[in-house]
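Participant: Contents of input38.pdb (PDB, C-alpha atoms) are given next:
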ATOM      1  CA  MET A   1       0.000   0.000   0.000  1.00  0.00           C
ATOM      2  CA  PRO A   2       1.431   3.383  -0.882  1.00  0.00           C
ATOM      3  CA  GLU A   3       2.534   5.828   1.800  1.00  0.00           C
ATOM      4  CA  LEU A   4       2.653   9.569   2.204  1.00  0.00           C
ATOM      5  CA  ILE A   5       5.861  10.637   3.951  1.00  0.00           C
ATOM      6  CA  VAL A   6       5.514  14.072   5.561  1.00  0.00           C
ATOM      7  CA  THR A   7       8.762  16.041   5.845  1.00  0.00           C
ATOM      8  CA  LEU A   8       9.813  19.504   6.953  1.00  0.00           C
ATOM      9  CA  LYS A   9      13.151  20.951   5.857  1.00  0.00           C
ATOM     10  CA  GLY A  10      14.298  17.488   4.752  1.00  0.00           C
ATOM     11  CA  ARG A  11      13.469  15.853   8.087  1.00  0.00           C
ATOM     12  CA  GLU A  12      10.932  13.030   8.086  1.00  0.00           C
ATOM     13  CA  LEU A  13       8.083  13.741  10.487  1.00  0.00           C
ATOM     14  CA  GLN A  14       5.555  11.006   9.767  1.00  0.00           C
ATOM     15  CA  ARG A  15       4.813   8.052   7.464  1.00  0.00           C
ATOM     16  CA  VAL A  16       1.142   7.620   6.684  1.00  0.00           C
ATOM     17  CA  PRO A  17      -0.064   4.508   4.828  1.00  0.00           C
ATOM     18  CA  ILE A  18      -2.819   5.278   2.323  1.00  0.00           C
ATOM     19  CA  ARG A  19      -5.645   3.025   3.535  1.00  0.00           C
ATOM     20  CA  LYS A  20      -8.565   4.888   1.958  1.00  0.00           C
ATOM     21  CA  THR A  21      -9.622   5.797  -1.570  1.00  0.00           C
ATOM     22  CA  LEU A  22      -9.757   9.461  -0.464  1.00  0.00           C
ATOM     23  CA  MET A  23      -7.292  10.984   2.023  1.00  0.00           C
ATOM     24  CA  VAL A  24      -7.836  14.623   3.043  1.00  0.00           C
ATOM     25  CA  ILE A  25      -4.853  16.700   4.215  1.00  0.00           C
ATOM     26  CA  GLY A  26      -5.228  19.955   6.144  1.00  0.00           C
ATOM     27  CA  ARG A  27      -5.178  21.828   9.426  1.00  0.00           C
ATOM     28  CA  ASP A  28      -8.657  20.775  10.615  1.00  0.00           C
ATOM     29  CA  ASP A  29      -8.833  17.894  13.118  1.00  0.00           C
ATOM     30  CA  GLY A  30     -11.409  16.086  10.966  1.00  0.00           C
ATOM     31  CA  ASN A  31      -8.900  15.457   8.148  1.00  0.00           C
ATOM     32  CA  ASP A  32      -7.117  12.156   7.567  1.00  0.00           C
ATOM     33  CA  ILE A  33      -3.714  13.854   7.852  1.00  0.00           C
ATOM     34  CA  VAL A  34      -3.674  16.848  10.204  1.00  0.00           C
ATOM     35  CA  ILE A  35      -0.842  19.374   9.862  1.00  0.00           C
ATOM     36  CA  ASP A  36      -1.304  22.070  12.493  1.00  0.00           C
ATOM     37  CA  ASN A  37       0.351  25.039  10.803  1.00  0.00           C
ATOM     38  CA  ARG A  38      -1.016  28.426   9.729  1.00  0.00           C
ATOM     39  CA  GLY A  39       0.372  27.966   6.213  1.00  0.00           C
ATOM     40  CA  ILE A  40      -1.935  24.969   5.762  1.00  0.00           C
ATOM     41  CA  SER A  41      -5.627  25.497   4.939  1.00  0.00           C
ATOM     42  CA  ARG A  42      -8.313  23.724   6.970  1.00  0.00           C
ATOM     43  CA  GLN A  43      -8.812  21.360   4.034  1.00  0.00           C
ATOM     44  CA  HIS A  44      -5.745  21.896   1.892  1.00  0.00           C
ATOM     45  CA  ALA A  45      -5.462  18.906  -0.451  1.00  0.00           C
ATOM     46  CA  MET A  46      -6.827  15.455  -1.187  1.00  0.00           C
ATOM     47  CA  VAL A  47      -5.094  12.318  -2.402  1.00  0.00           C
ATOM     48  CA  ARG A  48      -7.583  10.063  -4.124  1.00  0.00           C
ATOM     49  CA  PHE A  49      -7.447   6.702  -5.840  1.00  0.00           C
ATOM     50  CA  GLU A  50      -8.998   6.780  -9.310  1.00  0.00           C
ATOM     51  CA  GLY A  51      -8.417   5.008 -12.588  1.00  0.00           C
ATOM     52  CA  GLY A  52      -5.884   2.611 -11.099  1.00  0.00           C
ATOM     53  CA  GLY A  53      -3.623   5.334  -9.636  1.00  0.00           C
ATOM     54  CA  PHE A  54      -3.426   8.186  -7.151  1.00  0.00           C
ATOM     55  CA  THR A  55      -4.072  11.853  -7.864  1.00  0.00           C
ATOM     56  CA  VAL A  56      -3.436  14.852  -5.617  1.00  0.00           C
ATOM     57  CA  VAL A  57      -6.091  17.580  -5.835  1.00  0.00           C
ATOM     58  CA  ASP A  58      -6.023  21.109  -4.396  1.00  0.00           C
ATOM     59  CA  ALA A  59      -9.074  21.379  -2.112  1.00  0.00           C
ATOM     60  CA  GLY A  60      -9.374  25.150  -2.561  1.00  0.00           C
ATOM     61  CA  SER A  61      -6.384  25.993  -0.388  1.00  0.00           C
ATOM     62  CA  SER A  62      -5.113  29.536   0.172  1.00  0.00           C
ATOM     63  CA  ASN A  63      -1.448  28.760  -0.555  1.00  0.00           C
ATOM     64  CA  GLY A  64      -1.815  26.158  -3.301  1.00  0.00           C
ATOM     65  CA  VAL A  65      -0.509  22.663  -3.934  1.00  0.00           C
ATOM     66  CA  PHE A  66       2.736  21.911  -5.739  1.00  0.00           C
ATOM     67  CA  VAL A  67       3.966  18.661  -7.266  1.00  0.00           C
ATOM     68  CA  ASN A  68       7.722  18.552  -7.787  1.00  0.00           C
ATOM     69  CA  GLY A  69       7.839  22.343  -7.471  1.00  0.00           C
ATOM     70  CA  LEU A  70       5.080  23.121 -10.006  1.00  0.00           C
ATOM     71  CA  SER A  71       1.713  24.567  -8.957  1.00  0.00           C
ATOM     72  CA  THR A  72      -1.233  22.322  -9.756  1.00  0.00           C
ATOM     73  CA  GLN A  73      -4.971  21.932  -9.227  1.00  0.00           C
ATOM     74  CA  ALA A  74      -4.844  18.166  -9.880  1.00  0.00           C
ATOM     75  CA  GLN A  75      -1.885  15.932 -10.730  1.00  0.00           C
ATOM     76  CA  ARG A  76      -1.489  12.176 -11.168  1.00  0.00           C
ATOM     77  CA  LEU A  77       1.185  10.943  -8.744  1.00  0.00           C
ATOM     78  CA  ASN A  78       4.180   8.804  -9.641  1.00  0.00           C
ATOM     79  CA  ASP A  79       6.470   7.015  -7.212  1.00  0.00           C
ATOM     80  CA  GLY A  80       8.770   9.560  -5.543  1.00  0.00           C
ATOM     81  CA  ASP A  81       6.719  12.657  -6.434  1.00  0.00           C
ATOM     82  CA  GLU A  82       6.915  15.439  -3.858  1.00  0.00           C
ATOM     83  CA  ILE A  83       3.747  17.293  -2.903  1.00  0.00           C
ATOM     84  CA  GLY A  84       4.422  20.791  -1.541  1.00  0.00           C
ATOM     85  CA  ILE A  85       1.885  22.058   0.981  1.00  0.00           C
ATOM     86  CA  GLY A  86       2.961  25.229   2.757  1.00  0.00           C
ATOM     87  CA  LYS A  87       6.513  24.616   3.955  1.00  0.00           C
ATOM     88  CA  PHE A  88       5.898  20.874   4.249  1.00  0.00           C
ATOM     89  CA  VAL A  89       6.828  18.336   1.578  1.00  0.00           C
ATOM     90  CA  ILE A  90       4.899  15.087   1.341  1.00  0.00           C
ATOM     91  CA  ARG A  91       6.664  12.380  -0.655  1.00  0.00           C
ATOM     92  CA  PHE A  92       4.511   9.783  -2.389  1.00  0.00           C
ATOM     93  CA  ASP A  93       5.963   6.272  -2.018  1.00  0.00           C
ATOM     94  CA  ALA A  94       4.001   3.918  -4.297  1.00  0.00           C
ATOM     95  CA  SER A  95       6.070   0.852  -3.398  1.00  0.00           C
ATOM     96  CA  ALA A  96       5.457   0.764   0.359  1.00  0.00           C
ATOM     97  CA  GLY A  97       3.213  -1.564   2.328  1.00  0.00           C
ATOM     98  CA  PRO A  98       0.428  -4.012   1.434  1.00  0.00           C
ATOM     99  CA  SER A  99      -1.419  -4.154  -1.879  1.00  0.00           C
ATOM    100  CA  LEU A 100      -3.961  -1.687  -3.242  1.00  0.00           C
ATOM    101  CA  ASP A 101      -6.675  -4.356  -2.838  1.00  0.00           C
ATOM    102  CA  GLU A 102      -6.870  -3.347   0.826  1.00  0.00           C
ATOM    103  CA  LEU A 103      -8.067   0.202   0.085  1.00  0.00           C
ATOM    104  CA  SER A 104     -11.519   1.025   1.399  1.00  0.00           C
ATOM    105  CA  GLU A 105     -13.900   3.973   1.429  1.00  0.00           C
ATOM    106  CA  ASP A 106     -13.476   4.524   5.173  1.00  0.00           C
ATOM    107  CA  GLY A 107     -10.000   3.101   5.879  1.00  0.00           C
ATOM    108  CA  ASP A 108      -9.227   0.882   8.833  1.00  0.00           C
ATOM    109  CA  GLY A 109     -10.999   2.975  11.443  1.00  0.00           C
ATOM    110  CA  SER A 110      -7.740   4.224  12.954  1.00  0.00           C
ATOM    111  CA  GLY A 111      -8.821   7.884  12.677  1.00  0.00           C
ATOM    112  CA  PRO A 112      -6.818  10.923  11.624  1.00  0.00           C
ATOM    113  CA  VAL A 113      -3.033  11.085  11.770  1.00  0.00           C
ATOM    114  CA  LYS A 114      -1.706  14.228  13.426  1.00  0.00           C
ATOM    115  CA  VAL A 115       1.680  15.316  12.132  1.00  0.00           C
ATOM    116  CA  THR A 116       3.894  16.689  14.870  1.00  0.00           C
ATOM    117  CA  ARG A 117       7.418  17.988  14.869  1.00  0.00           C
ATOM    118  CA  GLN A 118       9.737  16.393  17.376  1.00  0.00           C
ATOM    119  CA  VAL A 119      11.883  19.321  18.383  1.00  0.00           C
ATOM    120  CA  ASP A 120      14.738  18.720  20.795  1.00  0.00           C
ATOM    121  CA  PRO A 121      16.924  21.818  20.704  1.00  0.00           C
ATOM    122  CA  THR A 122      19.448  22.181  23.512  1.00  0.00           C
ATOM    123  CA  LEU A 123      21.073  25.448  24.452  1.00  0.00           C
ATOM    124  CA  ALA A 124      24.587  24.847  25.779  1.00  0.00           C
ATOM    125  CA  LEU A 125      26.727  27.717  27.051  1.00  0.00           C
ATOM    126  CA  THR A 126      30.241  27.676  28.425  1.00  0.00           C
ATOM    127  CA  PRO A 127      31.153  30.180  31.153  1.00  0.00           C
ATOM    128  CA  GLU A 128      33.111  32.130  28.512  1.00  0.00           C
ATOM    129  CA  GLU A 129      30.038  32.350  26.265  1.00  0.00           C
ATOM    130  CA  ILE A 130      27.967  33.580  29.187  1.00  0.00           C
ATOM    131  CA  GLN A 131      30.572  36.281  29.891  1.00  0.00           C
ATOM    132  CA  ARG A 132      30.513  37.356  26.226  1.00  0.00           C
ATOM    133  CA  LEU A 133      26.709  37.634  26.351  1.00  0.00           C
ATOM    134  CA  GLN A 134      26.910  39.702  29.511  1.00  0.00           C
ATOM    135  CA  ALA A 135      29.595  41.923  28.010  1.00  0.00           C
ATOM    136  CA  SER A 136      27.313  42.624  25.052  1.00  0.00           C
ATOM    137  CA  ARG A 137      24.637  43.669  27.593  1.00  0.00           C
ATOM    138  CA  LYS A 138      22.231  40.956  26.466  1.00  0.00           C
ATOM    139  CA  LEU A 139      22.414  39.124  29.786  1.00  0.00           C
ATOM    140  CA  PRO A 140      22.479  40.653  33.285  1.00  0.00           C
ATOM    141  CA  MET A 141      25.429  39.673  35.470  1.00  0.00           C
ATOM    142  CA  PRO A 142      24.597  38.193  38.883  1.00  0.00           C
ATOM    143  CA  GLN A 143      26.223  39.739  41.912  1.00  0.00           C
ATOM    144  CA  GLY A 144      29.768  38.418  42.164  1.00  0.00           C
ATOM    145  CA  GLY A 145      30.124  37.756  38.423  1.00  0.00           C
ATOM    146  CA  TYR A 146      30.436  34.499  36.519  1.00  0.00           C
ATOM    147  CA  GLY A 147      34.066  33.665  37.190  1.00  0.00           C
ATOM    148  CA  ALA A 148      35.230  30.812  39.377  1.00  0.00           C
ATOM    149  CA  PRO A 149      35.812  31.680  43.033  1.00  0.00           C
ATOM    150  CA  PRO A 150      39.429  32.689  43.704  1.00  0.00           C
ATOM    151  CA  SER A 151      40.025  29.579  45.859  1.00  0.00           C
ATOM    152  CA  SER A 152      38.985  27.086  43.141  1.00  0.00           C
ATOM    153  CA  PRO A 153      40.514  26.446  39.729  1.00  0.00           C
ATOM    154  CA  ALA A 154      38.644  27.542  36.616  1.00  0.00           C
ATOM    155  CA  ARG A 155      36.502  24.787  35.136  1.00  0.00           C
ATOM    156  CA  PRO A 156      36.400  25.414  31.354  1.00  0.00           C
ATOM    157  CA  ASP A 157      34.873  21.978  30.699  1.00  0.00           C
ATOM    158  CA  VAL A 158      31.638  22.864  32.486  1.00  0.00           C
ATOM    159  CA  ARG A 159      28.692  23.239  30.098  1.00  0.00           C
ATOM    160  CA  MET A 160      25.164  24.147  31.088  1.00  0.00           C
ATOM    161  CA  HIS A 161      22.129  22.764  29.245  1.00  0.00           C
ATOM    162  CA  ALA A 162      18.688  24.310  29.128  1.00  0.00           C
ATOM    163  CA  ARG A 163      15.877  22.918  27.002  1.00  0.00           C
ATOM    164  CA  VAL A 164      14.082  25.478  24.882  1.00  0.00           C
ATOM    165  CA  SER A 165      10.818  24.721  23.138  1.00  0.00           C
ATOM    166  CA  ARG A 166      11.291  26.432  19.800  1.00  0.00           C
ATOM    167  CA  GLY A 167       8.150  27.935  18.251  1.00  0.00           C
ATOM    168  CA  ASP A 168       7.413  27.877  14.535  1.00  0.00           C
ATOM    169  CA  GLU A 169       9.408  30.680  12.914  1.00  0.00           C
ATOM    170  CA  ALA A 170       6.436  31.762  10.846  1.00  0.00           C
ATOM    171  CA  GLU A 171       4.182  31.759  13.885  1.00  0.00           C
ATOM    172  CA  GLY A 172       4.984  33.595  17.093  1.00  0.00           C
ATOM    173  CA  GLY A 173       8.701  34.137  16.591  1.00  0.00           C
ATOM    174  CA  SER A 174       8.692  36.611  19.513  1.00  0.00           C
ATOM    175  CA  GLY A 175       7.477  33.842  21.851  1.00  0.00           C
ATOM    176  CA  ALA A 176      10.483  31.749  20.870  1.00  0.00           C
ATOM    177  CA  ALA A 177      12.768  34.708  21.581  1.00  0.00           C
ATOM    178  CA  VAL A 178      11.320  35.028  25.089  1.00  0.00           C
ATOM    179  CA  LEU A 179      11.891  31.310  25.714  1.00  0.00           C
ATOM    180  CA  VAL A 180      15.499  31.591  24.550  1.00  0.00           C
ATOM    181  CA  ALA A 181      16.056  34.616  26.796  1.00  0.00           C
ATOM    182  CA  VAL A 182      14.597  32.757  29.785  1.00  0.00           C
ATOM    183  CA  ALA A 183      16.799  29.729  29.023  1.00  0.00           C
ATOM    184  CA  ILE A 184      19.899  31.940  28.870  1.00  0.00           C
ATOM    185  CA  VAL A 185      19.078  33.516  32.229  1.00  0.00           C
ATOM    186  CA  VAL A 186      18.465  30.076  33.786  1.00  0.00           C
ATOM    187  CA  ALA A 187      21.730  28.754  32.324  1.00  0.00           C
ATOM    188  CA  ALA A 188      23.585  31.790  33.671  1.00  0.00           C
ATOM    189  CA  GLY A 189      22.126  31.232  37.133  1.00  0.00           C
ATOM    190  CA  VAL A 190      23.113  27.567  37.084  1.00  0.00           C
ATOM    191  CA  ALA A 191      26.626  28.479  35.920  1.00  0.00           C
ATOM    192  CA  TRP A 192      26.992  31.089  38.632  1.00  0.00           C
ATOM    193  CA  PHE A 193      25.775  28.648  41.290  1.00  0.00           C
ATOM    194  CA  MET A 194      28.097  25.854  40.078  1.00  0.00           C
ATOM    195  CA  LEU A 195      31.118  28.103  39.921  1.00  0.00           C
ATOM    196  CA  ARG A 196      30.464  29.584  43.365  1.00  0.00           C
ATOM    197  CA  SER A 197      30.331  26.182  45.064  1.00  0.00           C
TER     198      SER A 197
END
For the structure just supplied, provide its representation as structure tokens.
Facilitator:
Amino acid sequence: MPELIVTLKGRELQRVPIRKTLMVIGRDDGNDIVIDNRGISRQHAMVRFEGGGFTVVDAGSSNGVFVNGLSTQAQRLNDGDEIGIGKFVIRFDASAGPSLDELSEDGDGSGPVKVTRQVDPTLALTPEEIQRLQASRKLPMPQGGYGAPPSSPARPDVRMHARVSRGDEAEGGSGAAVLVAVAIVVAAGVAWFMLRS
């Protein structure tokens, strides 16, 4: 059974087997493939089985549907074709899974597939990087500074880690900046505490 492989910036996010004769892709929770992104219309595109093959159809989206970089209203899909929807690319893999005989009008009852990004960015700062940030006045210096106490040797191998949930650049970039700033302040506090003890 063919698959739709949802990617973002070359990174695979989800593999979705095509189990139905009509698969709807969009932002709305009632779709077969849900991509929660403002660049995606509520019902953006459909992949349907007709005439022995699959066709992608624009469902009246705001930003259009592209197959291999070319805008289209409806396009027959070949193995390896890339469907562009917003900033997401969905690769059509005709060779994957069970046979087409298993396609049905309503699928296997498994419900919609929600595409999610698995973001795991880590912010790591050395004490020297923290000092450079403070020197550029982008980070307040705690009382006593960031340096190692005079009685203990400097520990250049110490690295602090703070997890930052990165927002979508196209949506709420200022929220992501606030999270990064908070992470930097937390990392600085941890560094100061570790170096003081």
Participant: Determine the nearest neighbour of Ala45 of chain A from the options A:Leu8, A:Ile33, A:Ala59, A:Ala74, counting only C-alpha atoms.
Facilitator: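 The answer is A:Ala59, which sits nearest to Ala45 of chain A.
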Participant: Could you work out how far atom CA of Gly39 of chain A lies from atom CA of Val182 of chain A, giving the answer in Å with one decimal?
Facilitator: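 These atoms are spaced 27.9 Å apart.
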Participant: Do you know which residues are at most 9 Å from Ile5 of chain A counting all atoms listed in the file, after dropping those on the same chain fewer than 5 positions away, and could you put them as a list in words?
Facilitator: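 Contacts, in chain order: Glu12, Leu13, Gln14, Arg15, Val16, Pro17, Val89, Ile90, Arg91, Phe92 and Asp93 of chain A.
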Participant: The PyMOL selection byres ((chain A and resi 85) around 12) - which residues does that actually catch in the file I just gave you? List them as a ChimeraX atom specification.
Facilitator: /A:6-8,25-27,34-46,56-59,61-72,82-84,86-91
Participant: Would you export the selected residues with C-alpha atoms as an mmCIF file, in the frame of the given file, please?
Facilitator:
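So again.cif came out as:
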data_model
loop_
_atom_site.group_PDB
_atom_site.id
_atom_site.type_symbol
_atom_site.label_atom_id
_atom_site.label_comp_id
_atom_site.auth_asym_id
_atom_site.auth_seq_id
_atom_site.Cartn_x
_atom_site.Cartn_y
_atom_site.Cartn_z
ATOM 1 C CA VAL A 6 5.514 14.072 5.561
ATOM 2 C CA THR A 7 8.762 16.041 5.845
ATOM 3 C CA LEU A 8 9.813 19.504 6.953
ATOM 4 C CA ILE A 25 -4.853 16.700 4.215
ATOM 5 C CA GLY A 26 -5.228 19.955 6.144
ATOM 6 C CA ARG A 27 -5.178 21.828 9.426
ATOM 7 C CA VAL A 34 -3.674 16.848 10.204
ATOM 8 C CA ILE A 35 -0.842 19.374 9.862
ATOM 9 C CA ASP A 36 -1.304 22.070 12.493
ATOM 10 C CA ASN A 37 0.351 25.039 10.803
ATOM 11 C CA ARG A 38 -1.016 28.426 9.729
ATOM 12 C CA GLY A 39 0.372 27.966 6.213
ATOM 13 C CA ILE A 40 -1.935 24.969 5.762
ATOM 14 C CA SER A 41 -5.627 25.497 4.939
ATOM 15 C CA ARG A 42 -8.313 23.724 6.970
ATOM 16 C CA GLN A 43 -8.812 21.360 4.034
ATOM 17 C CA HIS A 44 -5.745 21.896 1.892
ATOM 18 C CA ALA A 45 -5.462 18.906 -0.451
ATOM 19 C CA MET A 46 -6.827 15.455 -1.187
ATOM 20 C CA VAL A 56 -3.436 14.852 -5.617
ATOM 21 C CA VAL A 57 -6.091 17.580 -5.835
ATOM 22 C CA ASP A 58 -6.023 21.109 -4.396
ATOM 23 C CA ALA A 59 -9.074 21.379 -2.112
ATOM 24 C CA SER A 61 -6.384 25.993 -0.388
ATOM 25 C CA SER A 62 -5.113 29.536 0.172
ATOM 26 C CA ASN A 63 -1.448 28.760 -0.555
ATOM 27 C CA GLY A 64 -1.815 26.158 -3.301
ATOM 28 C CA VAL A 65 -0.509 22.663 -3.934
ATOM 29 C CA PHE A 66 2.736 21.911 -5.739
ATOM 30 C CA VAL A 67 3.966 18.661 -7.266
ATOM 31 C CA ASN A 68 7.722 18.552 -7.787
ATOM 32 C CA GLY A 69 7.839 22.343 -7.471
ATOM 33 C CA LEU A 70 5.080 23.121 -10.006
ATOM 34 C CA SER A 71 1.713 24.567 -8.957
ATOM 35 C CA THR A 72 -1.233 22.322 -9.756
ATOM 36 C CA GLU A 82 6.915 15.439 -3.858
ATOM 37 C CA ILE A 83 3.747 17.293 -2.903
ATOM 38 C CA GLY A 84 4.422 20.791 -1.541
ATOM 39 C CA GLY A 86 2.961 25.229 2.757
ATOM 40 C CA LYS A 87 6.513 24.616 3.955
ATOM 41 C CA PHE A 88 5.898 20.874 4.249
ATOM 42 C CA VAL A 89 6.828 18.336 1.578
ATOM 43 C CA ILE A 90 4.899 15.087 1.341
ATOM 44 C CA ARG A 91 6.664 12.380 -0.655
#
Participant: Work out where the centre of an axis-aligned box around every listed atom of segment 14-17 of chain A lies and how long its edges are once 5 Å is added on each side; give both in Å to one decimal as lines of an AutoDock Vina configuration file.
Facilitator:
center_x = 2.7
center_y = 7.8
center_z = 7.3
size_x = 15.6
size_y = 16.5
size_z = 14.9
Participant: Considering only C-alpha atoms, state which residue in the set A:Ala177, A:Ala183, A:Val47, A:Leu4 is at the smallest distance from Val24 of chain A.
Facilitator: A:Val47
